[in-house]
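Reviewing the structure listed below.
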Amino acid sequence: MRHLPVRMARWSARHAGRAIAGWFAFVVLCLVAGIALGTNEATTKDFWVGEAGRAEATATEGGLERSPTERIMIRAGSGELDMAAAGAAARDVTARMRELPEVESVAAPVRSKDGEVLLVSVVLNGPELEGRKNVVPLLEQTAAVGADHPDLVVEETGSPAISKGVNDQRDADLALSERISLPVTVVTLLIVFGSVIMAGVPLLLALSSIAAAIGLSMVASHVMPDAGVGTNLILLIGLAVGVDYTLFYLKREREERARAGGRLGPEALVELAAATAGRAIVISGLAVIVSTATLYLATDVIFSSLATGTILVVAVAVASSLTVLPALLVVIGRRTDRLALRRAARRAERGEPARAGKPETGRVFAALLRPARTRPALTLCLSVLVMLGLAVPALGLKLIDPGRDTFSRDIPAMRVYDRLTESFPELLVTHEVVTRSTPERAAQVKQALEDLGRRAQTDPLFAQAQKNPENAETPESSPPTVRTSADGRISVLELSVPHPAPSAAAIASLTRLRQDHIPATVGRLSGVETAVSGDVARGRDYVSHESDKLPLVLGLLLLMTFLMTVWAFRSVVIGAIGVVLNLLSAGASLGMLVLVFQGTWAEGLLNFDSLGAIASRVPLFLVVILFGLSMDYQVFVVSRIQEARQNGMSAREAVLEGINRSAKVVTSAAIVMVTVFGAFVALHLTEMKQMGFCLAVAVLLDAVVIRLMVLPSVLLLLGEHAWWPARRPGRFGRGRRGGRAQEPVAGPLTEVG
């Protein structure tokens, strides 16, 4: 792999037309293949985790699985509810729903405790996750009934309608994030390059990489099911790394162009850029891929989907930088050379002197680097203390699996859900106790489950939902019923709880059920398997599952980051420094995440409702992604330092030279990433807000504090010891073994690996 970037760049430069055509043909082929195969979406069973997963698997085996259910509420537009009019509307709803092929059954209307709402429950055909696809005809019929009964309010909610609303909102949010991030990215690139054409190249390659990765992810879903989040991450990561990789390559090509002073053609300049920036991109891409692959160890369909999307888009972005980018640079370079010759000729005719090149580092970067250059020990101590101080709030991290009750109330179905659960609190949360035994014990198991139901009715955590003697028309007035499979082997008991899923009371009811009520009833029966599922059990078991996997994932992540850095730079010390700096960056960003989102003080500022905790998937995913993205800057900055060192500079001179030459491009890349990630703070979903905020903060801290203060301070203090056990290299120009001709090189990375 040592010479692969140079060889690929050489071929692309010499066959620019074929390279460009081949790349866009590849993008089209990926999209066509993806569309032709379609997306293999994850099914309900792919999400089964822990005890709740075992319970749902058992219930499904007996044909007693949870079905997607919609609730149609009928209430008065004003004043008291006219039961005659409400009954007519309920009959209209029932008749319309029964005619739909998507509907399995319609229950009899039920009146609320206060008598102000009439409820019609509709069960859809198919598994639970299919509900959001089949709910549209039901929503249309509900709207039609409402139009036919203008004096009443007829509205619909339920898991299918809410899921559809969340998906619609997510699509709108992604479109908003694109409208925010794309213009800022264009402006940043225009400032960096001062050319519309050069600014358009990173954006073009990033967007084409995203398109190809989306197609490939659809193909990959037939091997590993898509959980519905892969595309979101491809857009998020693809724009960030796609622009970054291209930016690194373009900046190096421009440096070589300025250094050559017109003595080298576009093809040679591209090869020089490939020998340094090209290899750095390959190493960075591999680091992100290897880091992200550790998510597969979580054995969770959502993390696997996130990992697959990230790996694909990063791999495609690296490929675009090695193939089509050199070809585009040659085409643009030839045009630039012609224009430069014309401008030089006109200046010569007017007797004007040649223009001097711009300095690599401006006043701002020089000011940021001054503390590390003049007082590295003090700068290191203060910077580390600041990062550790930012990380302190992470010690109070609380995890929660955000359920239905946490979704934005901008979704119409969620506003109806609030009104539904106010009138029918028993519909807030349901615990499902699932048992498996032999058919001859069915009666014994049923009796034990009924005993369990009676115990729950006397428990304050359950009683409000189970009893309602004031109104015999409501379902909660009757004791919980037991459903048994046709073969008598599997039974299910549903227990309602009048508390929202993420609440402490709902969690306490689950704990009481598992630790007290079940052991005292059905748990006494030998040979009977018992497990509890439901919204609360799913969330708690999911958090527990992730916590169990966390040490394994983080352990391998740290190991792979260390090994990748040692492999790239042949230095154990640099590898250790990379791990520690990544931990500092991740810890500080997680601390900021807890400080902002776990409390309530920033709710108005960032437009969110605090969950009192962090979404359970966010920390693990962010640490993995941040380790990978931090390697981008680590590899790029350290490679420039190593290059200066191999060109004969002292350890101190090499650090200052490398930081000076990389500061502007690293900061520009960070601005792009911060903009892309920061745009997600404007989204409605709290989980996405948390991800975008944490990524944006981490990249900003990494680019400014870590790379401009901590890293140079450490390297200046360590001197040559930072590169142990590698020997101090000589300058370039050594011949290859076996009499092979030298490759055109301009930096150290041709000597690395």
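By convention in this document, the chains of the structure tokens carry letters A, B, ... by their order, each chain's residues are numbered from 1, and ligands are numbered from 1 in the order they are shown.
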Write out, as a tab-separated table, each residue of segment 179-237 of chain A that has an atom at most 12 Å from segment 163-171 of chain A, together with the closest pair of atoms and their distance in Å to one decimal, counting only C-alpha atoms, rows going by chain and rising number.
residue	atom	partner	partner_atom	distance
A:Gly228	CA	A:Asn167	CA	9.3
A:Val229	CA	A:Arg170	CA	10.2
A:Thr231	CA	A:Asp171	CA	10.6
A:Asn232	CA	A:Arg170	CA	8.9
A:Leu235	CA	A:Asp171	CA	11.7
Would you list the contacts of Leu420 of chain A as a ChimeraX atom specification, taking every protein, DNA or RNA residue within 12 Å and counting only C-alpha atoms, but skipping same-chain residues closer than 2 positions in sequence?
-> /A:70-75,111-113,116-121,154-158,413-418,422-428
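Distances from A:Val618, A:Glu267, A:Arg179, A:Ser321 to Val201 of chain A were compared using only C-alpha atoms, and the smallest one belongs to A:Ser321.
Proximity to Val492 of chain A was assessed for A:Ala367, A:Ile574, A:Val434, A:Ala161 counting only C-alpha atoms; the smallest distance is recorded for A:Val434.
One finds atom CA of Leu306 of chain A at 18.6 Å from atom CA of Ala586 of chain A.
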Shell around His431 of chain A at 7 Å using only C-alpha atoms, local window under 4 positions removed, as an MDAnalysis selection string = chainID A and resid 494:496 532:534
Using only C-alpha atoms, what does the table of segment 603-661 of chain A residues within 12 Å of segment 246-254 of chain A look like, with each row giving the shortest atom pair and its distance in Å to one decimal, sorted by chain and ascending number, as a Markdown table?
| residue | atom | partner | partner_atom | distance |
| --- | --- | --- | --- | --- |
| A:Asp632 | CA | A:Phe248 | CA | 9.8 |
| A:Tyr633 | CA | A:Phe248 | CA | 10.0 |
| A:Val635 | CA | A:Phe248 | CA | 11.1 |
| A:Phe636 | CA | A:Phe248 | CA | 8.0 |
| A:Val637 | CA | A:Phe248 | CA | 10.6 |
| A:Ser639 | CA | A:Phe248 | CA | 11.9 |
| A:Arg640 | CA | A:Arg252 | CA | 10.5 |
| A:Arg661 | CA | A:Arg252 | CA | 9.8 |
Residues of segment 627-694 of chain A within 10 Å of segment 699-721 of chain A: nearest atom pair and distance (Å, one decimal) for each, counting only C-alpha atoms, sorted by chain and number, as JSON lines?
{"residue": "A:Leu629", "atom": "CA", "partner": "A:Val699", "partner_atom": "CA", "distance": 8.1}
{"residue": "A:Ser630", "atom": "CA", "partner": "A:Asp702", "partner_atom": "CA", "distance": 7.0}
{"residue": "A:Tyr633", "atom": "CA", "partner": "A:Ala703", "partner_atom": "CA", "distance": 7.3}
{"residue": "A:Gln634", "atom": "CA", "partner": "A:Arg707", "partner_atom": "CA", "distance": 7.7}
{"residue": "A:Val637", "atom": "CA", "partner": "A:Arg707", "partner_atom": "CA", "distance": 7.7}
{"residue": "A:Val638", "atom": "CA", "partner": "A:Leu711", "partner_atom": "CA", "distance": 9.1}
{"residue": "A:Ile641", "atom": "CA", "partner": "A:Leu715", "partner_atom": "CA", "distance": 9.7}
{"residue": "A:Arg645", "atom": "CA", "partner": "A:Glu720", "partner_atom": "CA", "distance": 9.6}
{"residue": "A:Ser650", "atom": "CA", "partner": "A:Glu720", "partner_atom": "CA", "distance": 8.4}
{"residue": "A:Ala651", "atom": "CA", "partner": "A:Gly719", "partner_atom": "CA", "distance": 5.2}
{"residue": "A:Arg652", "atom": "CA", "partner": "A:Leu716", "partner_atom": "CA", "distance": 5.7}
{"residue": "A:Glu653", "atom": "CA", "partner": "A:Leu716", "partner_atom": "CA", "distance": 9.0}
{"residue": "A:Ala654", "atom": "CA", "partner": "A:Leu716", "partner_atom": "CA", "distance": 9.3}
{"residue": "A:Val655", "atom": "CA", "partner": "A:Pro712", "partner_atom": "CA", "distance": 6.4}
{"residue": "A:Leu656", "atom": "CA", "partner": "A:Pro712", "partner_atom": "CA", "distance": 7.6}
{"residue": "A:Gly658", "atom": "CA", "partner": "A:Pro712", "partner_atom": "CA", "distance": 9.4}
{"residue": "A:Ile659", "atom": "CA", "partner": "A:Leu708", "partner_atom": "CA", "distance": 7.3}
{"residue": "A:Asn660", "atom": "CA", "partner": "A:Leu708", "partner_atom": "CA", "distance": 9.3}
{"residue": "A:Ser662", "atom": "CA", "partner": "A:Arg707", "partner_atom": "CA", "distance": 9.7}
{"residue": "A:Ala663", "atom": "CA", "partner": "A:Leu708", "partner_atom": "CA", "distance": 7.4}
{"residue": "A:Val666", "atom": "CA", "partner": "A:Ala703", "partner_atom": "CA", "distance": 6.6}
{"residue": "A:Thr667", "atom": "CA", "partner": "A:Ala703", "partner_atom": "CA", "distance": 6.2}
{"residue": "A:Ser668", "atom": "CA", "partner": "A:Ala703", "partner_atom": "CA", "distance": 9.5}
{"residue": "A:Ala669", "atom": "CA", "partner": "A:Ala703", "partner_atom": "CA", "distance": 8.8}
{"residue": "A:Ala670", "atom": "CA", "partner": "A:Val699", "partner_atom": "CA", "distance": 6.2}
{"residue": "A:Ile671", "atom": "CA", "partner": "A:Leu700", "partner_atom": "CA", "distance": 7.8}
{"residue": "A:Val672", "atom": "CA", "partner": "A:Val699", "partner_atom": "CA", "distance": 9.9}
{"residue": "A:Met673", "atom": "CA", "partner": "A:Val699", "partner_atom": "CA", "distance": 7.1}
{"residue": "A:Val674", "atom": "CA", "partner": "A:Val699", "partner_atom": "CA", "distance": 6.5}
{"residue": "A:Phe677", "atom": "CA", "partner": "A:Val699", "partner_atom": "CA", "distance": 9.1}
{"residue": "A:Cys694", "atom": "CA", "partner": "A:Val699", "partner_atom": "CA", "distance": 8.6}
Can you check which residues of segment 629-691 of chain A DSSP gives as alpha helix (DSSP H) on the backbone and send them as an mmCIF file with N, CA, C and O atoms, in the first residue's frame?
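Written out: states_12.cif:
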data_model
loop_
_atom_site.group_PDB
_atom_site.id
_atom_site.type_symbol
_atom_site.label_atom_id
_atom_site.label_comp_id
_atom_site.auth_asym_id
_atom_site.auth_seq_id
_atom_site.Cartn_x
_atom_site.Cartn_y
_atom_site.Cartn_z
ATOM 1 N N LEU A 629 -12.676 10.293 13.623
ATOM 2 C CA LEU A 629 -12.513 11.613 13.025
ATOM 3 C C LEU A 629 -11.276 12.329 13.568
ATOM 4 O O LEU A 629 -10.618 13.084 12.835
ATOM 5 N N SER A 630 -10.963 12.120 14.841
ATOM 6 C CA SER A 630 -9.764 12.748 15.410
ATOM 7 C C SER A 630 -8.502 12.269 14.708
ATOM 8 O O SER A 630 -7.510 13.001 14.619
ATOM 9 N N MET A 631 -8.541 11.050 14.210
ATOM 10 C CA MET A 631 -7.386 10.526 13.477
ATOM 11 C C MET A 631 -7.141 11.301 12.192
ATOM 12 O O MET A 631 -6.001 11.351 11.710
ATOM 13 N N ASP A 632 -8.182 11.896 11.621
ATOM 14 C CA ASP A 632 -7.984 12.731 10.437
ATOM 15 C C ASP A 632 -6.961 13.818 10.726
ATOM 16 O O ASP A 632 -5.963 13.992 10.014
ATOM 17 N N TYR A 633 -7.233 14.586 11.784
ATOM 18 C CA TYR A 633 -6.344 15.683 12.134
ATOM 19 C C TYR A 633 -5.009 15.184 12.660
ATOM 20 O O TYR A 633 -3.961 15.762 12.368
ATOM 21 N N GLN A 634 -5.047 14.109 13.435
ATOM 22 C CA GLN A 634 -3.811 13.558 13.984
ATOM 23 C C GLN A 634 -2.861 13.152 12.859
ATOM 24 O O GLN A 634 -1.679 13.511 12.876
ATOM 25 N N VAL A 635 -3.377 12.409 11.906
ATOM 26 C CA VAL A 635 -2.531 11.938 10.809
ATOM 27 C C VAL A 635 -2.031 13.104 9.969
ATOM 28 O O VAL A 635 -0.842 13.175 9.617
ATOM 29 N N PHE A 636 -2.914 14.042 9.666
ATOM 30 C CA PHE A 636 -2.508 15.141 8.794
ATOM 31 C C PHE A 636 -1.456 16.029 9.452
ATOM 32 O O PHE A 636 -0.451 16.388 8.836
ATOM 33 N N VAL A 637 -1.681 16.383 10.730
ATOM 34 C CA VAL A 637 -0.749 17.275 11.418
ATOM 35 C C VAL A 637 0.580 16.572 11.677
ATOM 36 O O VAL A 637 1.657 17.115 11.384
ATOM 37 N N VAL A 638 0.534 15.363 12.226
ATOM 38 C CA VAL A 638 1.775 14.661 12.572
ATOM 39 C C VAL A 638 2.562 14.312 11.319
ATOM 40 O O VAL A 638 3.806 14.316 11.331
ATOM 41 N N SER A 639 1.878 14.030 10.224
ATOM 42 C CA SER A 639 2.605 13.722 8.992
ATOM 43 C C SER A 639 3.393 14.936 8.493
ATOM 44 O O SER A 639 4.511 14.796 7.984
ATOM 45 N N ARG A 640 2.815 16.151 8.662
ATOM 46 C CA ARG A 640 3.562 17.344 8.253
ATOM 47 C C ARG A 640 4.769 17.566 9.165
ATOM 48 O O ARG A 640 5.829 18.009 8.713
ATOM 49 N N ILE A 641 4.616 17.251 10.437
ATOM 50 C CA ILE A 641 5.742 17.371 11.363
ATOM 51 C C ILE A 641 6.817 16.354 11.009
ATOM 52 O O ILE A 641 8.014 16.675 10.957
ATOM 53 N N GLN A 642 6.382 15.131 10.737
ATOM 54 C CA GLN A 642 7.348 14.094 10.387
ATOM 55 C C GLN A 642 8.060 14.423 9.081
ATOM 56 O O GLN A 642 9.259 14.158 8.922
ATOM 57 N N GLU A 643 7.339 15.018 8.163
ATOM 58 C CA GLU A 643 7.957 15.409 6.892
ATOM 59 C C GLU A 643 9.069 16.424 7.109
ATOM 60 O O GLU A 643 10.180 16.295 6.553
ATOM 61 N N ALA A 644 8.775 17.437 7.931
ATOM 62 C CA ALA A 644 9.801 18.441 8.214
ATOM 63 C C ALA A 644 10.992 17.806 8.928
ATOM 64 O O ALA A 644 12.152 18.134 8.660
ATOM 65 N N ARG A 645 10.732 16.888 9.811
ATOM 66 C CA ARG A 645 11.797 16.193 10.541
ATOM 67 C C ARG A 645 12.657 15.372 9.600
ATOM 68 O O ARG A 645 13.892 15.348 9.715
ATOM 69 N N GLN A 646 12.023 14.706 8.649
ATOM 70 C CA GLN A 646 12.789 13.888 7.715
ATOM 71 C C GLN A 646 13.538 14.732 6.685
ATOM 72 O O GLN A 646 14.449 14.242 6.020
ATOM 73 N N ALA A 651 13.917 18.620 16.008
ATOM 74 C CA ALA A 651 12.599 18.236 16.506
ATOM 75 C C ALA A 651 11.736 19.466 16.752
ATOM 76 O O ALA A 651 10.546 19.491 16.405
ATOM 77 N N ARG A 652 12.298 20.521 17.342
ATOM 78 C CA ARG A 652 11.527 21.737 17.617
ATOM 79 C C ARG A 652 11.118 22.417 16.319
ATOM 80 O O ARG A 652 9.953 22.812 16.142
ATOM 81 N N GLU A 653 12.058 22.563 15.396
ATOM 82 C CA GLU A 653 11.740 23.210 14.122
ATOM 83 C C GLU A 653 10.680 22.430 13.348
ATOM 84 O O GLU A 653 9.791 23.022 12.727
ATOM 85 N N ALA A 654 10.768 21.099 13.412
ATOM 86 C CA ALA A 654 9.807 20.271 12.682
ATOM 87 C C ALA A 654 8.397 20.448 13.227
ATOM 88 O O ALA A 654 7.418 20.528 12.477
ATOM 89 N N VAL A 655 8.268 20.515 14.548
ATOM 90 C CA VAL A 655 6.940 20.699 15.150
ATOM 91 C C VAL A 655 6.348 22.030 14.712
ATOM 92 O O VAL A 655 5.185 22.105 14.277
ATOM 93 N N LEU A 656 7.125 23.097 14.831
ATOM 94 C CA LEU A 656 6.607 24.419 14.474
ATOM 95 C C LEU A 656 6.302 24.513 12.984
ATOM 96 O O LEU A 656 5.281 25.091 12.583
ATOM 97 N N GLU A 657 7.164 23.936 12.167
ATOM 98 C CA GLU A 657 6.928 23.966 10.720
ATOM 99 C C GLU A 657 5.685 23.165 10.362
ATOM 100 O O GLU A 657 4.841 23.616 9.566
ATOM 101 N N GLY A 658 5.566 21.964 10.936
ATOM 102 C CA GLY A 658 4.406 21.129 10.611
ATOM 103 C C GLY A 658 3.099 21.747 11.060
ATOM 104 O O GLY A 658 2.100 21.714 10.331
ATOM 105 N N ILE A 659 3.074 22.306 12.262
ATOM 106 C CA ILE A 659 1.857 22.949 12.753
ATOM 107 C C ILE A 659 1.532 24.178 11.909
ATOM 108 O O ILE A 659 0.367 24.425 11.565
ATOM 109 N N ASN A 660 2.547 24.969 11.582
ATOM 110 C CA ASN A 660 2.317 26.158 10.760
ATOM 111 C C ASN A 660 1.688 25.808 9.422
ATOM 112 O O ASN A 660 0.749 26.455 8.965
ATOM 113 N N ARG A 661 2.218 24.760 8.793
ATOM 114 C CA ARG A 661 1.735 24.408 7.458
ATOM 115 C C ARG A 661 0.362 23.735 7.483
ATOM 116 O O ARG A 661 -0.331 23.736 6.481
ATOM 117 N N SER A 662 0.001 23.140 8.598
ATOM 118 C CA SER A 662 -1.275 22.417 8.643
ATOM 119 C C SER A 662 -2.388 23.188 9.338
ATOM 120 O O SER A 662 -3.557 22.816 9.237
ATOM 121 N N ALA A 663 -2.043 24.269 10.039
ATOM 122 C CA ALA A 663 -3.033 24.954 10.874
ATOM 123 C C ALA A 663 -4.221 25.453 10.063
ATOM 124 O O ALA A 663 -5.382 25.255 10.435
ATOM 125 N N LYS A 664 -3.960 26.101 8.943
ATOM 126 C CA LYS A 664 -5.045 26.708 8.180
ATOM 127 C C LYS A 664 -5.976 25.661 7.593
ATOM 128 O O LYS A 664 -7.206 25.780 7.668
ATOM 129 N N VAL A 665 -5.410 24.612 7.030
ATOM 130 C CA VAL A 665 -6.260 23.603 6.395
ATOM 131 C C VAL A 665 -7.019 22.791 7.440
ATOM 132 O O VAL A 665 -8.183 22.429 7.232
ATOM 133 N N VAL A 666 -6.379 22.512 8.591
ATOM 134 C CA VAL A 666 -7.080 21.790 9.658
ATOM 135 C C VAL A 666 -8.231 22.622 10.185
ATOM 136 O O VAL A 666 -9.346 22.120 10.406
ATOM 137 N N THR A 667 -7.998 23.911 10.389
ATOM 138 C CA THR A 667 -9.061 24.776 10.884
ATOM 139 C C THR A 667 -10.179 24.907 9.861
ATOM 140 O O THR A 667 -11.367 24.915 10.220
ATOM 141 N N SER A 668 -9.826 25.016 8.588
ATOM 142 C CA SER A 668 -10.847 25.101 7.542
ATOM 143 C C SER A 668 -11.685 23.829 7.506
ATOM 144 O O SER A 668 -12.916 23.881 7.387
ATOM 145 N N ALA A 669 -11.012 22.674 7.596
ATOM 146 C CA ALA A 669 -11.741 21.406 7.630
ATOM 147 C C ALA A 669 -12.635 21.332 8.855
ATOM 148 O O ALA A 669 -13.770 20.832 8.797
ATOM 149 N N ALA A 670 -12.139 21.845 9.984
ATOM 150 C CA ALA A 670 -12.940 21.827 11.212
ATOM 151 C C ALA A 670 -14.174 22.699 11.070
ATOM 152 O O ALA A 670 -15.258 22.341 11.551
ATOM 153 N N ILE A 671 -14.044 23.831 10.406
ATOM 154 C CA ILE A 671 -15.202 24.709 10.199
ATOM 155 C C ILE A 671 -16.285 23.987 9.416
ATOM 156 O O ILE A 671 -17.478 24.074 9.724
ATOM 157 N N VAL A 672 -15.858 23.245 8.391
ATOM 158 C CA VAL A 672 -16.818 22.491 7.592
ATOM 159 C C VAL A 672 -17.517 21.448 8.466
ATOM 160 O O VAL A 672 -18.749 21.319 8.457
ATOM 161 N N MET A 673 -16.728 20.677 9.229
ATOM 162 C CA MET A 673 -17.316 19.640 10.081
ATOM 163 C C MET A 673 -18.242 20.234 11.139
ATOM 164 O O MET A 673 -19.335 19.718 11.390
ATOM 165 N N VAL A 674 -17.798 21.307 11.782
ATOM 166 C CA VAL A 674 -18.618 21.931 12.818
ATOM 167 C C VAL A 674 -19.931 22.422 12.236
ATOM 168 O O VAL A 674 -20.997 22.297 12.851
ATOM 169 N N THR A 675 -19.884 22.970 11.022
ATOM 170 C CA THR A 675 -21.102 23.448 10.377
ATOM 171 C C THR A 675 -22.051 22.297 10.076
ATOM 172 O O THR A 675 -23.255 22.377 10.347
ATOM 173 N N VAL A 676 -21.509 21.226 9.510
ATOM 174 C CA VAL A 676 -22.349 20.070 9.169
ATOM 175 C C VAL A 676 -22.970 19.467 10.420
ATOM 176 O O VAL A 676 -24.179 19.220 10.474
ATOM 177 N N PHE A 677 -22.134 19.232 11.435
ATOM 178 C CA PHE A 677 -22.646 18.622 12.660
ATOM 179 C C PHE A 677 -23.540 19.592 13.431
ATOM 180 O O PHE A 677 -24.563 19.203 13.991
ATOM 181 N N GLY A 678 -23.131 20.867 13.462
ATOM 182 C CA GLY A 678 -23.909 21.854 14.199
ATOM 183 C C GLY A 678 -25.303 22.052 13.637
ATOM 184 O O GLY A 678 -26.231 22.404 14.373
ATOM 185 N N THR A 686 -34.504 14.946 19.816
ATOM 186 C CA THR A 686 -33.507 15.249 20.838
ATOM 187 C C THR A 686 -32.255 14.407 20.658
ATOM 188 O O THR A 686 -31.131 14.883 20.869
ATOM 189 N N GLU A 687 -32.422 13.154 20.255
ATOM 190 C CA GLU A 687 -31.275 12.271 20.054
ATOM 191 C C GLU A 687 -30.354 12.818 18.974
ATOM 192 O O GLU A 687 -29.125 12.808 19.108
ATOM 193 N N MET A 688 -30.925 13.315 17.871
ATOM 194 C CA MET A 688 -30.121 13.874 16.786
ATOM 195 C C MET A 688 -29.477 15.189 17.227
ATOM 196 O O MET A 688 -28.345 15.496 16.839
ATOM 197 N N LYS A 689 -30.199 15.981 18.017
ATOM 198 C CA LYS A 689 -29.618 17.202 18.555
ATOM 199 C C LYS A 689 -28.370 16.885 19.373
ATOM 200 O O LYS A 689 -27.335 17.545 19.242
ATOM 201 N N GLN A 690 -28.494 15.884 20.231
ATOM 202 C CA GLN A 690 -27.374 15.515 21.087
ATOM 203 C C GLN A 690 -26.180 15.058 20.261
ATOM 204 O O GLN A 690 -25.039 15.426 20.549
ATOM 205 N N MET A 691 -26.429 14.253 19.238
ATOM 206 C CA MET A 691 -25.334 13.788 18.387
ATOM 207 C C MET A 691 -24.653 14.952 17.680
ATOM 208 O O MET A 691 -23.419 15.062 17.674
#
Give the answer as one residue: which of A:Arg404, A:His517, A:Arg7, A:His684 has the shortest atom-to-atom distance to Glu271 of chain A, using only C-alpha atoms?
-> A:Arg7
Which residues come within 12 Å of Leu329 of chain A, counting only C-alpha atoms, excluding same-chain residues fewer than 6 positions away, as a PyMOL selection string?
-> chain A and resi 9-10+12-14+16-17+19-20+197-198+200-202+246+249-254+257+265-271+273-274+321-323+335-337
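Across the structure, atom CA of Asp82 of chain A and atom CA of Thr142 of chain A are spaced 18.7 Å apart.
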List the neighbours of Ser78 of chain A out to 10 Å using only C-alpha atoms; skip same-chain residues closer than 5 positions along the sequence, and give me the result as JSON, numbers by chain.
-> {"A": [151, 152, 153]}
Store the residues picked out above, limited to N, CA, C and O atoms, as a PDB file, in the first residue's frame.
ATOM      1  N   ASP A 151     -69.199  18.876  13.610  1.00  0.00           N
ATOM      2  CA  ASP A 151     -69.402  19.300  14.991  1.00  0.00           C
ATOM      3  C   ASP A 151     -68.527  18.517  15.973  1.00  0.00           C
ATOM      4  O   ASP A 151     -68.503  18.841  17.167  1.00  0.00           O
ATOM      5  N   LEU A 152     -67.855  17.497  15.471  1.00  0.00           N
ATOM      6  CA  LEU A 152     -67.002  16.662  16.305  1.00  0.00           C
ATOM      7  C   LEU A 152     -65.544  16.795  15.878  1.00  0.00           C
ATOM      8  O   LEU A 152     -65.242  17.166  14.737  1.00  0.00           O
ATOM      9  N   VAL A 153     -64.666  16.455  16.799  1.00  0.00           N
ATOM     10  CA  VAL A 153     -63.238  16.357  16.474  1.00  0.00           C
ATOM     11  C   VAL A 153     -62.900  14.879  16.398  1.00  0.00           C
ATOM     12  O   VAL A 153     -63.004  14.158  17.405  1.00  0.00           O
TER      13      VAL A 153
END
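For the choices A:Leu605, A:Ala443, A:Val6, A:Val282, the atom-to-atom distance to Met564 of chain A is smallest for A:Val282 when using only C-alpha atoms.
Residues in contact with Val103 of chain A at 8 Å, where only C-alpha atoms are counted and same-chain residues fewer than 6 positions away are skipped, are listed as Met97, Val122, Val123, Leu124 and Asn125 of chain A.
The environment of segment 25-41 of chain A within 10 Å, counting only C-alpha atoms and disregarding residues fewer than 4 places along the same chain, consists of Ala19, Ile20, Ala21, Asp46, Leu129, Ser208, Ser209, Ile210, Ala211, Ala212, Ala213, Ile214, Gly215, Leu216, Ser217, Met218, Val219, Ala220, Ser221, His222, Val223, Met224, Pro225, Asp226, Ala227, Gly228 and Val316 of chain A.
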Counting only C-alpha atoms, which of A:Leu620, A:Ile191, A:Asp548, A:Ala86 gets nearest to Asp148 of chain A?
-> A:Ala86
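Using only C-alpha atoms, the nearest neighbour of Asp516 of chain A within the list A:Leu385, A:Pro480, A:Trp48, A:Ala456 is A:Ala456.
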